[in-house]
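The structure appears below as structure tokens.
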Amino acid sequence: MRGAFYPQALDLGHSFPHHLFADRLPVSSPPPTAAALTQDDLKRIAAHRAVDLVESGMVLGLGTGSTAAHALDRLGDLLRRGVLRDIVGIPTSLKTAAHAAAVGIPLSDLDAHPVVDLSIDGADEVDPALNLVKGRGGSLLREKMIEGASRRFVVIVDESKLVPCLGGSGLAVPVEVVPFCWKYTLGQLERLFDNDPGFNAKLRTFSDKEGVEMPFVTDNSNYIIDLYFERGISGDLDAVSDSMLRFPGVVEHGMFLGMATSVIVAGKNGVTFMEK
């Protein structure tokens with residue numbers, strides 16, 4: 001694993017000197033001991049370490065998901081206390097926009113701010129080369145647009161998200177597709193991975209109030225096809241990416257290749273700071 005390991009009893013690691021961020025340290029009861037830490041505690045620790053990188057006046061890409069939500073809460077707190085000023089946030093989903101507005105983060109978009117200083121977001125998987133799987137929450141297209149426009153993209157995860165190869169967790173690698181003839185697009189994806197043992201692809205659905213299965217619809221009014229790999233994605237990832245994007249019905253996929261500049265990993269024994 002790349003990067004350095006920073007154990008510390010109080011908050012399970014700190015990638016940055018205390019004196020530089022003394023005004024950002026929370027005034028509260030001591031955090032739980034390592035033995036009592038939950039996965040959510042680890043997510044919060046990683047998120048707070050990432051927010052330490054934020055400076056007043058920055059344009060920020062605001063991620064989506066449970067880990068990124070902790071970063072939003074922390075940013076809102078620092079803005080209310082006057083520690084940070086003149087921040088502009090660009091949300092990666094409608095849900096994030098609502099959360100950010102509720103905690104007092106001013107919002108804009110890429111049309112007004114085509115260059116983003118720093119994006120902070122979680123990931124579903126991180127491989128040893130810092131390639132990512134993202135989008136199990138359904139926001140992969142907007143995430144990739146905003147994080148691709150960023151000077152720096154910092155990923156915040158707990159240690160359960162580290163995998164030997166993308167798709168290696170056995171969980172979904174999402175692909176956003178247009179609703180028109182989605183079954184045809186699913187068939188194209190199935191043929192692409194014909195030689196991968198244990199491969200499966202299916203439309204993402206949810207149950208409505210009456211219990212009827214309905215297609216999951218993204219913020220962009222598209223569908224998602226979830227890809228499942230028994231042993232992870234084999235072969236050259238760039239070639240796999242290009243092949244998927246050649247299908248006319250595919251809008252975007254959830255492999256974020258070569259985009260992360262840093263990954264902050266919170267584990268039960270400390271925080272690891274990994275850089276490309």
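In the structure tokens, chains take the letters A, B, ... in the order shown, each chain's residues start at 1, and ligands count up from 1 in the order shown.
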Next item on the list: Considering only C-alpha atoms, return as a PyMOL selection string whatever protein or nucleic-acid residues lie within 6 Å of region 174-181 of chain A, sequence-local ones (same chain, fewer than 5 positions apart) excluded.
Entry: chain A and resi 222-226+249-254
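Proximity ranking of A:Ile120, A:Leu42, A:Ala101, A:Leu79 relative to Leu60 (chain A) places A:Ile120 first, based on only C-alpha atoms.
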Check: For the atom pair CA of Ala100 (chain A) and CA of Asp208 (chain A), what is the interatomic distance in Å to one decimal place?
Finding: 27.1 Å
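Of the listed residues (A:His99, A:Lys161, A:Arg81, A:Lys209), A:Lys161 comes nearest to Gln39 (chain A); the distances count only C-alpha atoms.
Residues lying within 7 Å of Leu62 (chain A), counting only C-alpha atoms and ignoring same-chain neighbours fewer than 3 positions away, are Gly89, Ile90, Pro91, Thr92, Ser119, Ile120 and Asp121 of chain A.
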Take the residues that were just selected and, keeping all heavy atoms, output them as a compact mmCIF listing (two decimals), in the first residue's frame.
```txt
# COMPACT_ATOMS: atom_id res chain seq x y z
N GLY A 89 -19.61 25.60 -3.38
CA GLY A 89 -19.72 24.17 -3.58
C GLY A 89 -20.45 23.81 -4.86
O GLY A 89 -21.44 24.46 -5.21
N ILE A 90 -19.95 22.80 -5.54
CA ILE A 90 -20.63 22.29 -6.74
C ILE A 90 -21.07 20.86 -6.43
O ILE A 90 -20.23 19.95 -6.34
CB ILE A 90 -19.70 22.33 -7.97
CG1 ILE A 90 -19.24 23.78 -8.20
CG2 ILE A 90 -20.41 21.78 -9.19
CD1 ILE A 90 -18.36 23.96 -9.41
N PRO A 91 -22.35 20.62 -6.24
CA PRO A 91 -22.83 19.31 -5.80
C PRO A 91 -22.87 18.29 -6.93
O PRO A 91 -23.15 18.63 -8.08
CB PRO A 91 -24.24 19.61 -5.28
CG PRO A 91 -24.68 20.80 -6.09
CD PRO A 91 -23.44 21.62 -6.34
N THR A 92 -22.61 17.04 -6.58
CA THR A 92 -22.61 15.96 -7.56
C THR A 92 -23.95 15.24 -7.66
O THR A 92 -24.07 14.27 -8.42
CB THR A 92 -21.51 14.93 -7.23
OG1 THR A 92 -21.70 14.47 -5.89
CG2 THR A 92 -20.12 15.55 -7.36
N SER A 119 -12.11 18.51 -5.08
CA SER A 119 -13.31 17.69 -4.90
C SER A 119 -13.04 16.67 -3.81
O SER A 119 -11.95 16.09 -3.74
CB SER A 119 -13.70 16.96 -6.18
OG SER A 119 -14.34 17.83 -7.09
N ILE A 120 -14.04 16.45 -2.96
CA ILE A 120 -13.97 15.46 -1.90
C ILE A 120 -15.15 14.51 -2.06
O ILE A 120 -16.30 14.95 -2.09
CB ILE A 120 -14.01 16.12 -0.51
CG1 ILE A 120 -12.83 17.07 -0.32
CG2 ILE A 120 -14.04 15.07 0.60
CD1 ILE A 120 -12.89 17.88 0.97
N ASP A 121 -14.86 13.23 -2.17
CA ASP A 121 -15.94 12.27 -2.38
C ASP A 121 -15.50 10.90 -1.88
O ASP A 121 -14.30 10.64 -1.71
CB ASP A 121 -16.29 12.18 -3.87
CG ASP A 121 -17.70 11.67 -4.13
OD1 ASP A 121 -18.39 11.28 -3.15
OD2 ASP A 121 -18.12 11.66 -5.30
```
Item checked: Residue nearest Asn220 (chain A) among A:Leu107, A:Ala98, A:Leu141, A:Ala47 (counting only C-alpha atoms) -> A:Leu141
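Nearest residue to Ala68 (chain A), choosing from A:Val157, A:Leu94, A:Ala149, A:Val54 and counting only C-alpha atoms: A:Val157.
Pairwise distance (CA of Leu132 (chain A), CA of Leu171 (chain A)) equals 13.0 Å.
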Next item on the list: Please give the complete set of residues from region 42-183 of chain A that DSSP, run on the backbone, assigns to strand (DSSP E), formatted as a PyMOL selection string.
Entry: chain A and resi 59-62+88-91+116-121+125-126+132-133+150-158+173-177
Margin query: I want to know what sits within 10 Å of Gly76 (chain A), based on only C-alpha atoms, with residues of the same chain fewer than 6 positions away left out; could you give that as a list in words?
Written below: His70, Gly82, Leu84, His99, Ala100, Ala101, Ala102, Val103, Gly104, Ile105 and Pro106 of chain A
